[in-house]
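Chemist: Just work25.txt, nothing more (compact mmCIF, C-alpha atoms and all ligand atoms):
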# COMPACT_ATOMS: atom_id res chain seq x y z
CA MET A 1 81.25 -69.72 20.68
CA LEU A 2 83.78 -70.31 23.39
CA LEU A 3 83.49 -68.19 26.52
CA THR A 4 87.19 -67.33 26.24
CA ASP A 5 86.66 -66.04 22.68
CA LEU A 6 83.64 -64.01 23.78
CA ASP A 7 85.67 -62.51 26.61
CA ASP A 8 88.46 -61.61 24.16
CA TYR A 9 86.01 -60.11 21.64
CA ILE A 10 84.29 -57.84 24.18
CA GLY A 11 87.59 -57.02 25.89
CA SER A 12 89.03 -55.62 22.69
CA LEU A 13 85.72 -54.01 21.56
CA LEU A 14 85.40 -52.07 24.83
CA GLU A 15 89.17 -51.62 25.28
CA VAL A 16 88.91 -52.85 28.86
CA ASN A 17 92.68 -52.68 29.44
CA ARG A 18 92.59 -48.91 28.95
CA PHE A 19 90.67 -48.35 32.20
CA ARG A 20 91.52 -48.21 35.87
CA ASP A 21 88.35 -49.57 37.41
CA TYR A 22 86.90 -50.49 40.81
CA CYS A 23 85.95 -54.02 39.77
CA PRO A 24 87.16 -56.75 37.40
CA ASN A 25 85.98 -56.23 33.79
CA GLY A 26 85.27 -59.39 31.78
CA VAL A 27 84.48 -62.85 33.17
CA GLN A 28 83.84 -62.51 36.91
CA VAL A 29 82.39 -65.99 37.44
CA GLU A 30 83.17 -68.77 34.97
CA GLY A 31 80.43 -71.14 33.82
CA ARG A 32 80.14 -73.49 30.83
CA SER A 33 82.75 -73.09 28.10
CA GLU A 34 80.28 -72.90 25.17
CA VAL A 35 78.04 -69.79 24.90
CA ARG A 36 75.01 -69.39 22.63
CA ARG A 37 72.42 -67.56 24.69
CA ILE A 38 73.21 -64.42 26.68
CA ALA A 39 71.00 -62.61 29.17
CA THR A 40 71.84 -58.94 29.67
CA GLY A 41 70.83 -56.55 32.43
CA VAL A 42 72.03 -53.51 34.34
CA THR A 43 72.80 -55.23 37.66
CA ALA A 44 73.58 -58.85 38.56
CA SER A 45 70.82 -59.04 41.18
CA GLN A 46 69.31 -62.35 42.25
CA LEU A 47 66.23 -61.51 40.13
CA LEU A 48 68.38 -61.22 37.00
CA LEU A 49 70.19 -64.49 37.81
CA ASP A 50 66.82 -66.25 38.28
CA SER A 51 65.43 -64.82 35.01
CA ALA A 52 68.58 -65.77 33.09
CA ALA A 53 68.57 -69.35 34.41
CA ALA A 54 64.83 -69.75 33.68
CA TRP A 55 65.40 -68.54 30.10
CA GLY A 56 68.24 -71.06 29.66
CA ALA A 57 71.06 -68.55 29.31
CA ASP A 58 74.68 -69.73 29.10
CA ALA A 59 76.05 -66.40 30.28
CA ILE A 60 74.92 -63.11 31.79
CA ILE A 61 76.40 -59.73 30.87
CA VAL A 62 75.87 -56.75 33.16
CA HIS A 63 77.12 -53.23 33.87
CA HIS A 64 77.14 -53.72 37.65
CA GLY A 65 78.75 -57.03 38.56
CA TYR A 66 80.48 -58.11 41.77
CA PHE A 67 83.79 -57.82 43.62
CA TRP A 68 83.94 -54.02 44.00
CA ARG A 69 87.07 -52.51 45.44
CA GLY A 70 86.66 -51.88 49.15
CA GLU A 71 83.88 -54.43 49.69
CA ASP A 72 84.37 -57.39 52.01
CA ALA A 73 86.05 -60.11 49.91
CA ALA A 74 84.36 -62.95 51.83
CA ILE A 75 81.68 -64.84 49.89
CA THR A 76 78.93 -64.94 52.48
CA GLY A 77 75.23 -64.06 52.76
CA ILE A 78 73.65 -62.47 49.67
CA LYS A 79 76.91 -62.74 47.73
CA LYS A 80 77.17 -66.46 48.58
CA ARG A 81 73.61 -67.08 47.32
CA ARG A 82 74.30 -65.26 44.06
CA VAL A 83 77.63 -66.97 43.37
CA ALA A 84 76.21 -70.38 44.35
CA HIS A 85 73.33 -69.84 41.92
CA LEU A 86 75.73 -69.03 39.06
CA LEU A 87 78.00 -72.01 39.80
CA SER A 88 75.15 -74.49 40.28
CA HIS A 89 73.63 -73.46 36.91
CA ASP A 90 77.07 -73.39 35.23
CA LEU A 91 76.20 -69.81 34.21
CA SER A 92 78.97 -67.31 33.49
CA LEU A 93 78.85 -63.73 34.72
CA LEU A 94 80.62 -61.08 32.65
CA ALA A 95 80.66 -57.46 33.85
CA TYR A 96 81.77 -54.25 32.14
CA HIS A 97 81.77 -51.13 34.26
CA LEU A 98 83.70 -48.01 33.18
CA PRO A 99 84.48 -49.41 29.69
CA LEU A 100 80.72 -49.68 29.12
CA ASP A 101 80.12 -46.12 30.35
CA ALA A 102 82.82 -44.71 28.12
CA HIS A 103 82.65 -46.50 24.75
CA PRO A 104 82.15 -43.87 22.01
CA GLU A 105 79.34 -45.80 20.31
CA LEU A 106 78.06 -48.57 22.62
CA GLY A 107 78.66 -46.81 25.94
CA ASN A 108 75.95 -45.64 28.31
CA ASN A 109 76.73 -41.98 27.65
CA ALA A 110 76.86 -42.35 23.86
CA GLN A 111 73.63 -44.34 23.90
CA LEU A 112 71.91 -41.81 26.16
CA ALA A 113 72.87 -39.05 23.70
CA LYS A 114 71.54 -41.12 20.79
CA LEU A 115 68.26 -41.78 22.60
CA MET A 116 67.82 -38.10 23.50
CA ASP A 117 69.26 -36.66 20.27
CA TRP A 118 72.05 -34.71 22.02
CA GLN A 119 75.18 -33.76 20.06
CA GLU A 120 78.43 -34.70 21.78
CA ARG A 121 81.18 -32.07 21.50
CA GLY A 122 83.70 -33.44 24.00
CA ARG A 123 84.43 -35.40 27.13
CA PHE A 124 85.44 -34.56 30.71
CA GLY A 125 85.70 -36.13 34.16
CA GLU A 126 87.52 -39.19 35.37
CA GLN A 127 89.08 -41.08 32.43
CA ASN A 128 86.98 -38.92 30.05
CA ILE A 129 83.75 -40.75 30.74
CA ALA A 130 81.38 -37.77 31.03
CA CYS A 131 80.16 -35.86 27.96
CA PHE A 132 79.29 -32.30 27.05
CA GLY A 133 77.62 -30.90 23.97
CA GLU A 134 74.36 -29.43 22.78
CA LEU A 135 70.68 -30.20 22.65
CA ASN A 136 69.43 -30.71 19.08
CA ARG A 137 67.44 -27.46 19.52
CA PRO A 138 67.05 -24.92 22.34
CA GLN A 139 64.56 -26.21 24.89
CA THR A 140 63.19 -25.11 28.23
CA LEU A 141 64.14 -27.11 31.30
CA SER A 142 60.52 -28.23 31.44
CA GLU A 143 60.68 -29.56 27.85
CA LEU A 144 63.94 -31.39 28.51
CA ALA A 145 62.50 -32.98 31.66
CA GLY A 146 59.42 -34.02 29.67
CA GLY A 147 61.59 -35.63 27.00
CA LEU A 148 63.55 -37.57 29.61
CA THR A 149 60.33 -38.73 31.29
CA GLN A 150 59.05 -40.05 27.98
CA LYS A 151 62.25 -41.73 26.76
CA LEU A 152 63.47 -43.15 30.08
CA GLU A 153 59.96 -44.00 31.34
CA ARG A 154 60.73 -42.37 34.66
CA VAL A 155 59.98 -38.90 36.08
CA PRO A 156 63.30 -37.12 36.79
CA LEU A 157 64.07 -34.95 39.81
CA VAL A 158 64.73 -31.47 38.41
CA ILE A 159 66.47 -28.57 40.19
CA GLY A 160 66.25 -25.26 38.33
CA GLU A 161 63.94 -22.68 36.79
CA MET A 162 61.56 -24.72 34.61
CA SER A 163 61.09 -21.92 32.05
CA SER A 164 64.85 -21.32 31.55
CA GLN A 165 66.14 -21.82 28.01
CA LEU A 166 68.83 -24.48 27.53
CA LYS A 167 71.25 -25.23 24.73
CA LYS A 168 74.51 -26.47 26.25
CA ILE A 169 74.33 -29.73 28.18
CA ALA A 170 76.67 -32.07 30.05
CA TRP A 171 75.72 -35.60 31.03
CA CYS A 172 77.06 -38.72 32.68
CA SER A 173 75.04 -41.86 33.41
CA GLY A 174 74.84 -43.46 36.84
CA ALA A 175 76.08 -41.90 40.07
CA ALA A 176 78.08 -39.00 38.57
CA GLN A 177 76.68 -36.17 40.68
CA SER A 178 80.23 -35.37 41.85
CA TYR A 179 81.02 -34.13 38.30
CA PHE A 180 78.50 -31.29 38.64
CA GLU A 181 81.13 -28.66 39.53
CA GLN A 182 83.23 -29.64 36.50
CA ALA A 183 80.10 -29.38 34.35
CA ILE A 184 79.38 -25.91 35.77
CA ALA A 185 82.96 -24.89 34.93
CA LEU A 186 82.38 -25.95 31.31
CA GLY A 187 79.69 -23.28 31.03
CA VAL A 188 76.76 -25.61 30.31
CA ASP A 189 73.11 -24.75 31.02
CA VAL A 190 72.15 -28.13 32.48
CA PHE A 191 73.77 -31.28 33.85
CA VAL A 192 72.00 -34.64 33.60
CA THR A 193 73.06 -37.67 35.61
CA GLY A 194 71.48 -40.65 37.36
CA GLU A 195 71.53 -39.64 41.01
CA ILE A 196 71.56 -36.51 43.16
CA SER A 197 73.17 -35.56 46.49
CA GLU A 198 72.04 -32.88 48.91
CA GLN A 199 74.76 -30.37 47.98
CA ASN A 200 73.85 -30.52 44.28
CA VAL A 201 70.66 -28.56 45.03
CA HIS A 202 72.64 -25.65 46.47
CA LEU A 203 75.20 -25.75 43.65
CA ALA A 204 72.39 -25.63 41.09
CA GLN A 205 70.66 -22.72 42.79
CA GLU A 206 73.86 -20.70 43.29
CA SER A 207 75.37 -21.38 39.86
CA GLY A 208 72.16 -21.05 37.85
CA VAL A 209 73.01 -24.36 36.12
CA ALA A 210 70.08 -26.77 36.20
CA PHE A 211 70.55 -30.30 37.59
CA ILE A 212 68.51 -33.30 36.48
CA SER A 213 68.63 -36.62 38.32
CA ALA A 214 67.20 -38.96 35.70
CA GLY A 215 67.77 -42.32 37.42
CA HIS A 216 70.90 -44.44 37.88
CA HIS A 217 69.23 -47.55 36.47
CA ALA A 218 67.28 -45.65 33.81
CA THR A 219 70.39 -43.92 32.42
CA GLU A 220 72.42 -47.16 32.39
CA ARG A 221 70.11 -49.52 30.51
CA TYR A 222 71.24 -48.57 27.05
CA GLY A 223 74.93 -49.50 27.04
CA VAL A 224 74.41 -53.15 27.88
CA MET A 225 71.46 -53.28 25.46
CA ALA A 226 73.69 -51.91 22.68
CA LEU A 227 76.41 -54.41 23.57
CA GLY A 228 73.86 -57.24 23.33
CA ASP A 229 72.75 -55.98 19.88
CA ASN A 230 76.39 -55.90 18.78
CA LEU A 231 76.96 -59.51 19.94
CA ALA A 232 73.79 -60.66 18.16
CA ASP A 233 74.70 -58.87 14.90
CA SER A 234 78.46 -59.55 14.86
CA LEU A 235 78.64 -63.02 16.41
CA GLY A 236 75.14 -64.44 15.85
CA LEU A 237 74.56 -64.97 19.58
CA GLU A 238 71.07 -64.91 21.01
CA CYS A 239 70.87 -61.97 23.41
CA ARG A 240 67.96 -60.81 25.51
CA TYR A 241 67.81 -57.80 27.80
CA PHE A 242 65.99 -58.29 31.12
CA GLU A 243 64.57 -55.11 32.62
CA GLN A 244 64.41 -54.93 36.41
CA ASN A 245 62.24 -52.19 37.79
CA ASN A 246 64.40 -49.87 39.89
CA PRO A 247 63.19 -46.40 40.94
CA VAL A 248 66.77 -45.19 41.68
ZN ZN B 301 76.23 -47.50 37.59
Would you encode the structure as structure tokens?

Modeler:
Amino acid sequence: MLLTDLDDYIGSLLEVNRFRDYCPNGVQVEGRSEVRRIATGVTASQLLLDSAAAWGADAIIVHHGYFWRGEDAAITGIKKRRVAHLLSHDLSLLAYHLPLDAHPELGNNAQLAKLMDWQERGRFGEQNIACFGELNRPQTLSELAGGLTQKLERVPLVIGEMSSQLKKIAWCSGAAQSYFEQAIALGVDVFVTGEISEQNVHLAQESGVAFISAGHHATERYGVMALGDNLADSLGLECRYFEQNNPV
């Protein structure tokens, strides 16, 4: 299909115009006009660009693209090498940031809940991206951490009493540790996100609400994978997810 039609399809699917974001959503670098084969990944690193080109992709779709607000706009150094690689291979780069966190079915947070069998009861945080709800059954913090280790294939950093019983949970993929105070105010037992900051440890200890840092990359694989599945099923495009090992 045409790149412009693909851009329109995903733009309306993820309602990209609804979001105020820190980066452009949609086509960030334009390659060939006809798209059949799409490589997906969390971050448009050089490794992903190399893998996509070697596989013969026409386009790459990621959660973390380029051109973030506040970064130097000059195309030099690492950014120059990445953009030159895309242009020389006539490969398009499409990126979806907040719209791919937030989507009620394909989004990172919805997909994380599906993977972990958490029931969503509502949303909070900036532009209603973060979720709160319940575990499918009461669990100890130790059991929840074990489940995350198994499903995300990564050992989380856990702050809290491991034997404490949990039912109410809030979660937000990626670097959403700044939502912890809002999660505490919602009266949840545990907050799960991708990263942790120093002050979160004190907030967890003083509030009694457990904090789990389950990995920025690990919590953000599933949105772009679900989007790839949607494009394969709905549009007949060939989509392949490329995992890049990232401990953070
Ligand atoms: Zn992220």

Chemist: Name the residues in contact with segment 1-16 of chain A at a cut-off of 10 Å, using all atoms listed in the file, excluding same-chain residues fewer than 5 positions from it; report them as a PDB file with C-alpha atoms, keeping the file's coordinate frame.

Modeler:
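Listing of around36.pdb after writing:
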ATOM      1  CA  ASP A  21      88.350 -49.570  37.410  1.00  0.00           C
ATOM      2  CA  PRO A  24      87.160 -56.750  37.400  1.00  0.00           C
ATOM      3  CA  ASN A  25      85.980 -56.230  33.790  1.00  0.00           C
ATOM      4  CA  GLY A  26      85.270 -59.390  31.780  1.00  0.00           C
ATOM      5  CA  VAL A  27      84.480 -62.850  33.170  1.00  0.00           C
ATOM      6  CA  GLU A  30      83.170 -68.770  34.970  1.00  0.00           C
ATOM      7  CA  GLY A  31      80.430 -71.140  33.820  1.00  0.00           C
ATOM      8  CA  ARG A  32      80.140 -73.490  30.830  1.00  0.00           C
ATOM      9  CA  SER A  33      82.750 -73.090  28.100  1.00  0.00           C
ATOM     10  CA  GLU A  34      80.280 -72.900  25.170  1.00  0.00           C
ATOM     11  CA  VAL A  35      78.040 -69.790  24.900  1.00  0.00           C
ATOM     12  CA  ARG A  36      75.010 -69.390  22.630  1.00  0.00           C
ATOM     13  CA  ARG A  37      72.420 -67.560  24.690  1.00  0.00           C
ATOM     14  CA  ASP A  58      74.680 -69.730  29.100  1.00  0.00           C
ATOM     15  CA  ALA A  59      76.050 -66.400  30.280  1.00  0.00           C
ATOM     16  CA  SER A  92      78.970 -67.310  33.490  1.00  0.00           C
ATOM     17  CA  LEU A  94      80.620 -61.080  32.650  1.00  0.00           C
ATOM     18  CA  TYR A  96      81.770 -54.250  32.140  1.00  0.00           C
ATOM     19  CA  HIS A  97      81.770 -51.130  34.260  1.00  0.00           C
ATOM     20  CA  LEU A  98      83.700 -48.010  33.180  1.00  0.00           C
ATOM     21  CA  PRO A  99      84.480 -49.410  29.690  1.00  0.00           C
ATOM     22  CA  LEU A 100      80.720 -49.680  29.120  1.00  0.00           C
ATOM     23  CA  ASP A 101      80.120 -46.120  30.350  1.00  0.00           C
ATOM     24  CA  ALA A 102      82.820 -44.710  28.120  1.00  0.00           C
ATOM     25  CA  HIS A 103      82.650 -46.500  24.750  1.00  0.00           C
ATOM     26  CA  PRO A 104      82.150 -43.870  22.010  1.00  0.00           C
ATOM     27  CA  GLU A 105      79.340 -45.800  20.310  1.00  0.00           C
ATOM     28  CA  LEU A 106      78.060 -48.570  22.620  1.00  0.00           C
ATOM     29  CA  GLY A 107      78.660 -46.810  25.940  1.00  0.00           C
ATOM     30  CA  LEU A 227      76.410 -54.410  23.570  1.00  0.00           C
ATOM     31  CA  ASN A 230      76.390 -55.900  18.780  1.00  0.00           C
ATOM     32  CA  LEU A 231      76.960 -59.510  19.940  1.00  0.00           C
ATOM     33  CA  LEU A 235      78.640 -63.020  16.410  1.00  0.00           C
ATOM     34  CA  GLY A 236      75.140 -64.440  15.850  1.00  0.00           C
ATOM     35  CA  LEU A 237      74.560 -64.970  19.580  1.00  0.00           C
TER      36      LEU A 237
END

Chemist: Please extract the residues at most 10 Å from ligand ZN 301 (chain B), counting all atoms listed in the file, and provide them as a list of chain:residue names, using the chain letters and residue numbers of this document.

Modeler: A:Val42, A:Thr43, A:His63, A:His64, A:Gly65, A:His97, A:Leu98, A:Leu100, A:Asp101, A:Asn108, A:Ser173, A:Gly174, A:Ala175, A:Ala176, A:Gly194, A:Glu195, A:Gly215, A:His216, A:His217, A:Ala218, A:Thr219, A:Glu220, A:Arg221

Chemist: Using C-alpha atoms, can you write the selected residues to a file as a PDB file, in the coordinates of the input?

Modeler:
ATOM      1  CA  VAL A  42      72.030 -53.510  34.340  1.00  0.00           C
ATOM      2  CA  THR A  43      72.800 -55.230  37.660  1.00  0.00           C
ATOM      3  CA  HIS A  63      77.120 -53.230  33.870  1.00  0.00           C
ATOM      4  CA  HIS A  64      77.140 -53.720  37.650  1.00  0.00           C
ATOM      5  CA  GLY A  65      78.750 -57.030  38.560  1.00  0.00           C
ATOM      6  CA  HIS A  97      81.770 -51.130  34.260  1.00  0.00           C
ATOM      7  CA  LEU A  98      83.700 -48.010  33.180  1.00  0.00           C
ATOM      8  CA  LEU A 100      80.720 -49.680  29.120  1.00  0.00           C
ATOM      9  CA  ASP A 101      80.120 -46.120  30.350  1.00  0.00           C
ATOM     10  CA  ASN A 108      75.950 -45.640  28.310  1.00  0.00           C
ATOM     11  CA  SER A 173      75.040 -41.860  33.410  1.00  0.00           C
ATOM     12  CA  GLY A 174      74.840 -43.460  36.840  1.00  0.00           C
ATOM     13  CA  ALA A 175      76.080 -41.900  40.070  1.00  0.00           C
ATOM     14  CA  ALA A 176      78.080 -39.000  38.570  1.00  0.00           C
ATOM     15  CA  GLY A 194      71.480 -40.650  37.360  1.00  0.00           C
ATOM     16  CA  GLU A 195      71.530 -39.640  41.010  1.00  0.00           C
ATOM     17  CA  GLY A 215      67.770 -42.320  37.420  1.00  0.00           C
ATOM     18  CA  HIS A 216      70.900 -44.440  37.880  1.00  0.00           C
ATOM     19  CA  HIS A 217      69.230 -47.550  36.470  1.00  0.00           C
ATOM     20  CA  ALA A 218      67.280 -45.650  33.810  1.00  0.00           C
ATOM     21  CA  THR A 219      70.390 -43.920  32.420  1.00  0.00           C
ATOM     22  CA  GLU A 220      72.420 -47.160  32.390  1.00  0.00           C
ATOM     23  CA  ARG A 221      70.110 -49.520  30.510  1.00  0.00           C
TER      24      ARG A 221
END

Chemist: Against segment 178-184 of chain A, which residues of segment 53-171 of chain A fall within 10 Å? For each one I want the closest pair of atoms and the distance in Å (one decimal), counting all atoms listed in the file, rows by chain and increasing residue number, as a Markdown table.

Modeler:
| residue | atom | partner | partner_atom | distance |
| --- | --- | --- | --- | --- |
| A:Phe124 | CA | A:Gln182 | CA | 7.9 |
| A:Gly125 | CA | A:Tyr179 | CA | 6.6 |
| A:Glu126 | CA | A:Tyr179 | CA | 8.7 |
| A:Ala130 | CA | A:Tyr179 | CA | 8.1 |
| A:Cys131 | CA | A:Ala183 | CA | 9.1 |
| A:Phe132 | CA | A:Ala183 | CA | 7.9 |
| A:Ile169 | CA | A:Ala183 | CA | 8.5 |
| A:Ala170 | CA | A:Ala183 | CA | 6.1 |
| A:Trp171 | CA | A:Ala183 | CA | 8.3 |

Chemist: Would you pick out the contacts of Arg240 of chain A at 8 Å or less, using only C-alpha atoms, so that residues sharing its chain but fewer than 6 positions from it are not included, and give the list as a PyMOL selection string?

Modeler: chain A and resi 38-40+228

Chemist: Output C-alpha atoms for every residue in that selection, as a PDB file, in the frame of the given file.

Modeler:
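Saved to selection.pdb:
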ATOM      1  CA  ILE A  38      73.210 -64.420  26.680  1.00  0.00           C
ATOM      2  CA  ALA A  39      71.000 -62.610  29.170  1.00  0.00           C
ATOM      3  CA  THR A  40      71.840 -58.940  29.670  1.00  0.00           C
ATOM      4  CA  GLY A 228      73.860 -57.240  23.330  1.00  0.00           C
TER       5      GLY A 228
END

Chemist: With only C-alpha atoms as the atoms that count, which of A:Val192, A:Val62, A:Ser51, A:Gly133 lies nearest to Val224 of chain A?

Modeler: A:Val62

Chemist: Given all atoms listed in the file, how would the per-residue table for segment 2-28 of chain A near segment 66-78 of chain A read, listing every residue at most 8 Å away with its closest atom pair and distance in Å to one decimal, sorted by chain and number, as JSON lines?

Modeler:
{"residue": "A:Tyr22", "atom": "CA", "partner": "A:Arg69", "partner_atom": "CA", "distance": 5.1}
{"residue": "A:Cys23", "atom": "CA", "partner": "A:Trp68", "partner_atom": "CA", "distance": 4.7}
{"residue": "A:Pro24", "atom": "CA", "partner": "A:Phe67", "partner_atom": "CA", "distance": 7.2}
{"residue": "A:Gln28", "atom": "CA", "partner": "A:Tyr66", "partner_atom": "CA", "distance": 7.4}

Chemist: Residues as selected, C-alpha atoms, written as a compact mmCIF listing (two decimals), in the frame of the given file, can you do that?

Modeler:
# COMPACT_ATOMS: atom_id res chain seq x y z
CA TYR A 22 86.90 -50.49 40.81
CA CYS A 23 85.95 -54.02 39.77
CA PRO A 24 87.16 -56.75 37.40
CA GLN A 28 83.84 -62.51 36.91

Chemist: Rounded to one decimal place, report the atom CA of Cys172 of chain A-atom CA of Ser207 of chain A distance in Å.

Modeler: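 About the pair atom CA of Cys172 of chain A and atom CA of Ser207 of chain A: they are 18.8 Å apart.
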
Chemist: What lies within 10 Å of Leu144 of chain A using all atoms listed in the file, ignoring chain neighbours under 5 positions off, as a short mmCIF file (atom, residue, chain, number, x, y, z; two decimals) with C-alpha atoms, in the frame of the given file?

Modeler:
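Output (part-v1.cif):
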data_model
loop_
_atom_site.label_atom_id
_atom_site.label_comp_id
_atom_site.auth_asym_id
_atom_site.auth_seq_id
_atom_site.Cartn_x
_atom_site.Cartn_y
_atom_site.Cartn_z
CA MET A 116 67.82 -38.10 23.50
CA LEU A 135 70.68 -30.20 22.65
CA PRO A 138 67.05 -24.92 22.34
CA GLN A 139 64.56 -26.21 24.89
CA THR A 149 60.33 -38.73 31.29
CA GLN A 150 59.05 -40.05 27.98
CA VAL A 158 64.73 -31.47 38.41
CA MET A 162 61.56 -24.72 34.61
CA GLN A 165 66.14 -21.82 28.01
CA LEU A 166 68.83 -24.48 27.53
CA VAL A 190 72.15 -28.13 32.48
CA ILE A 212 68.51 -33.30 36.48
#

Chemist: Quick one: pull the distance between atom CA of Leu49 of chain A and atom CA of Val248 of chain A, Å, one decimal.

Modeler: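 Atom CA of Leu49 of chain A sits 20.0 Å away from atom CA of Val248 of chain A.
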
Chemist: How far is it from atom CA of Ser88 of chain A to atom CA of Gln244 of chain A, in Å with one decimal?

Modeler: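 Atom CA of Gln244 of chain A lies at a distance of 22.6 Å from atom CA of Ser88 of chain A.
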
Chemist: Taking into account only C-alpha atoms, which residue in the set A:Asn200, A:Asn246, A:Asn17, A:Gln111 is nearest to Ile159 of chain A?

Modeler: A:Asn200
